[in-house]
Amino acid sequence: MAFFLIKVLSSKNGTFSSQHIHDSKAMRERGIHCVMDQDKEMRRKSRFAVSEKSK
């Protein structure tokens, strides 16, 4: 608990920086996205996609 208090008191305005992946510059540079964003990208229909026939 003491370490937590030290962190809060020493950080800017007593707040922590965002821990979300999309807010991290290093993750964006590596092309790593939030799993929700990756899911959205995969679900978008590509204009080059071939529709499958149903049986």
# chains A, B, ... in the order shown; residues from 1 in each chain; ligands from 1
>>> residues_around(residues="stretch 30-41 of chain A", least_positions_apart="3", cutoff="6 Å", atoms="only C-alpha atoms", output="list of chain:residue names")
A:Ile21, A:Met27, A:Arg44
>>> select_by_dssp(residues="stretch 10-54 of chain A", states="alpha helix (DSSP H)", output="ChimeraX atom specification")
/A:10,25-30,35-43
>>> atom_distance(atom1="atom CA of A:Lys25", atom2="atom CA of A:Ser46")
27.9 Å
>>> decode(residues="stretch 8-55 of chain A", atoms="N, CA and C atoms", output="CSV table (one decimal), in the first residue's frame")
chain,number,residue,atom,x,y,z
A,8,VAL,N,1.2,7.4,-6.5
A,8,VAL,CA,0.1,8.4,-6.7
A,8,VAL,C,0.7,9.8,-6.3
A,9,LEU,N,1.4,9.9,-5.3
A,9,LEU,CA,1.9,11.2,-4.9
A,9,LEU,C,3.0,11.7,-5.9
A,10,SER,N,3.8,10.8,-6.5
A,10,SER,CA,4.9,11.2,-7.4
A,10,SER,C,4.4,11.4,-8.8
A,11,SER,N,3.2,10.9,-9.1
A,11,SER,CA,2.8,11.0,-10.5
A,11,SER,C,2.1,12.4,-10.7
A,12,LYS,N,2.0,12.8,-12.0
A,12,LYS,CA,1.5,14.1,-12.4
A,12,LYS,C,0.0,14.1,-12.0
A,13,ASN,N,-0.4,15.1,-11.2
A,13,ASN,CA,-1.8,15.3,-10.8
A,13,ASN,C,-2.4,14.1,-10.0
A,14,GLY,N,-1.6,13.3,-9.6
A,14,GLY,CA,-2.0,12.1,-8.8
A,14,GLY,C,-2.8,11.1,-9.6
A,15,THR,N,-2.6,11.1,-10.9
A,15,THR,CA,-3.3,10.1,-11.8
A,15,THR,C,-2.3,9.3,-12.5
A,16,PHE,N,-2.8,8.1,-13.0
A,16,PHE,CA,-1.9,7.2,-13.7
A,16,PHE,C,-2.2,7.4,-15.2
A,17,SER,N,-1.2,7.1,-16.0
A,17,SER,CA,-1.4,7.2,-17.5
A,17,SER,C,-2.2,6.0,-17.9
A,18,SER,N,-2.8,6.2,-19.1
A,18,SER,CA,-3.7,5.1,-19.6
A,18,SER,C,-2.9,3.8,-19.8
A,19,GLN,N,-3.5,2.7,-19.5
A,19,GLN,CA,-2.9,1.4,-19.7
A,19,GLN,C,-3.5,0.7,-20.9
A,20,HIS,N,-4.3,1.4,-21.7
A,20,HIS,CA,-4.9,0.8,-22.9
A,20,HIS,C,-3.8,0.7,-24.0
A,21,ILE,N,-3.9,-0.3,-24.8
A,21,ILE,CA,-2.9,-0.6,-25.9
A,21,ILE,C,-3.0,0.5,-26.9
A,22,HIS,N,-4.2,1.0,-27.3
A,22,HIS,CA,-4.3,2.0,-28.3
A,22,HIS,C,-3.7,3.4,-27.9
A,23,ASP,N,-3.4,3.6,-26.6
A,23,ASP,CA,-2.8,4.8,-26.1
A,23,ASP,C,-1.3,4.7,-26.0
A,24,SER,N,-0.7,3.6,-26.3
A,24,SER,CA,0.7,3.4,-26.1
A,24,SER,C,1.4,3.7,-27.5
A,25,LYS,N,2.3,4.6,-27.5
A,25,LYS,CA,3.0,5.0,-28.7
A,25,LYS,C,3.8,3.8,-29.2
A,26,ALA,N,4.5,3.1,-28.3
A,26,ALA,CA,5.3,1.9,-28.7
A,26,ALA,C,4.5,0.8,-29.4
A,27,MET,N,3.3,0.6,-28.9
A,27,MET,CA,2.5,-0.5,-29.5
A,27,MET,C,2.0,0.0,-30.8
A,28,ARG,N,1.6,1.3,-31.0
A,28,ARG,CA,1.2,1.8,-32.3
A,28,ARG,C,2.3,1.7,-33.3
A,29,GLU,N,3.5,2.0,-32.9
A,29,GLU,CA,4.7,1.9,-33.8
A,29,GLU,C,4.9,0.4,-34.3
A,30,ARG,N,4.6,-0.5,-33.4
A,30,ARG,CA,4.8,-1.9,-33.8
A,30,ARG,C,3.6,-2.5,-34.5
A,31,GLY,N,2.5,-1.7,-34.7
A,31,GLY,CA,1.3,-2.2,-35.4
A,31,GLY,C,0.4,-3.0,-34.5
A,32,ILE,N,0.6,-3.0,-33.2
A,32,ILE,CA,-0.2,-3.8,-32.3
A,32,ILE,C,-1.4,-3.0,-31.9
A,33,HIS,N,-2.6,-3.6,-32.1
A,33,HIS,CA,-3.9,-2.9,-31.8
A,33,HIS,C,-4.6,-3.6,-30.7
A,34,CYS,N,-5.6,-3.0,-30.2
A,34,CYS,CA,-6.5,-3.6,-29.2
A,34,CYS,C,-7.2,-4.8,-29.9
A,35,VAL,N,-7.5,-5.8,-29.1
A,35,VAL,CA,-8.2,-6.9,-29.7
A,35,VAL,C,-9.6,-6.6,-30.3
A,36,MET,N,-10.2,-5.6,-29.7
A,36,MET,CA,-11.5,-5.2,-30.2
A,36,MET,C,-11.4,-4.5,-31.6
A,37,ASP,N,-10.3,-3.7,-31.8
A,37,ASP,CA,-10.0,-3.1,-33.1
A,37,ASP,C,-9.6,-4.1,-34.1
A,38,GLN,N,-8.8,-5.1,-33.7
A,38,GLN,CA,-8.5,-6.2,-34.6
A,38,GLN,C,-9.7,-7.0,-35.1
A,39,ASP,N,-10.6,-7.2,-34.1
A,39,ASP,CA,-11.8,-8.0,-34.5
A,39,ASP,C,-12.6,-7.2,-35.5
A,40,LYS,N,-12.8,-5.9,-35.3
A,40,LYS,CA,-13.5,-5.0,-36.2
A,40,LYS,C,-12.9,-5.1,-37.6
A,41,GLU,N,-11.5,-5.0,-37.7
A,41,GLU,CA,-10.8,-5.0,-38.9
A,41,GLU,C,-11.1,-6.3,-39.7
A,42,MET,N,-11.1,-7.4,-38.9
A,42,MET,CA,-11.3,-8.8,-39.6
A,42,MET,C,-12.7,-9.0,-40.0
A,43,ARG,N,-13.7,-8.3,-39.4
A,43,ARG,CA,-15.1,-8.5,-39.7
A,43,ARG,C,-15.5,-7.6,-40.9
A,44,ARG,N,-14.7,-6.6,-41.2
A,44,ARG,CA,-15.1,-5.7,-42.3
A,44,ARG,C,-15.0,-6.6,-43.6
A,45,LYS,N,-16.0,-6.4,-44.4
A,45,LYS,CA,-16.0,-7.1,-45.7
A,45,LYS,C,-15.1,-6.5,-46.6
A,46,SER,N,-14.2,-7.2,-47.2
A,46,SER,CA,-13.2,-6.7,-48.2
A,46,SER,C,-13.9,-6.6,-49.5
A,47,ARG,N,-13.6,-5.6,-50.3
A,47,ARG,CA,-14.2,-5.5,-51.6
A,47,ARG,C,-13.7,-6.5,-52.6
A,48,PHE,N,-12.6,-7.2,-52.2
A,48,PHE,CA,-12.0,-8.3,-53.0
A,48,PHE,C,-12.5,-9.7,-52.6
A,49,ALA,N,-13.4,-9.7,-51.6
A,49,ALA,CA,-13.8,-11.0,-51.0
A,49,ALA,C,-14.7,-11.7,-52.1
A,50,VAL,N,-14.6,-13.0,-52.1
A,50,VAL,CA,-15.5,-13.8,-53.0
A,50,VAL,C,-16.6,-14.4,-52.1
A,51,SER,N,-17.8,-14.2,-52.5
A,51,SER,CA,-18.9,-14.8,-51.7
A,51,SER,C,-18.9,-16.3,-52.0
A,52,GLU,N,-19.2,-17.0,-50.9
A,52,GLU,CA,-19.3,-18.5,-51.0
A,52,GLU,C,-20.7,-18.9,-51.3
A,53,LYS,N,-20.9,-20.0,-52.0
A,53,LYS,CA,-22.2,-20.6,-52.3
A,53,LYS,C,-22.6,-21.4,-51.1
A,54,SER,N,-23.9,-21.3,-50.7
A,54,SER,CA,-24.4,-22.1,-49.6
A,54,SER,C,-25.1,-23.4,-50.3
A,55,LYS,N,-25.0,-24.4,-49.6
A,55,LYS,CA,-25.5,-25.7,-50.1
A,55,LYS,C,-27.0,-25.8,-49.9
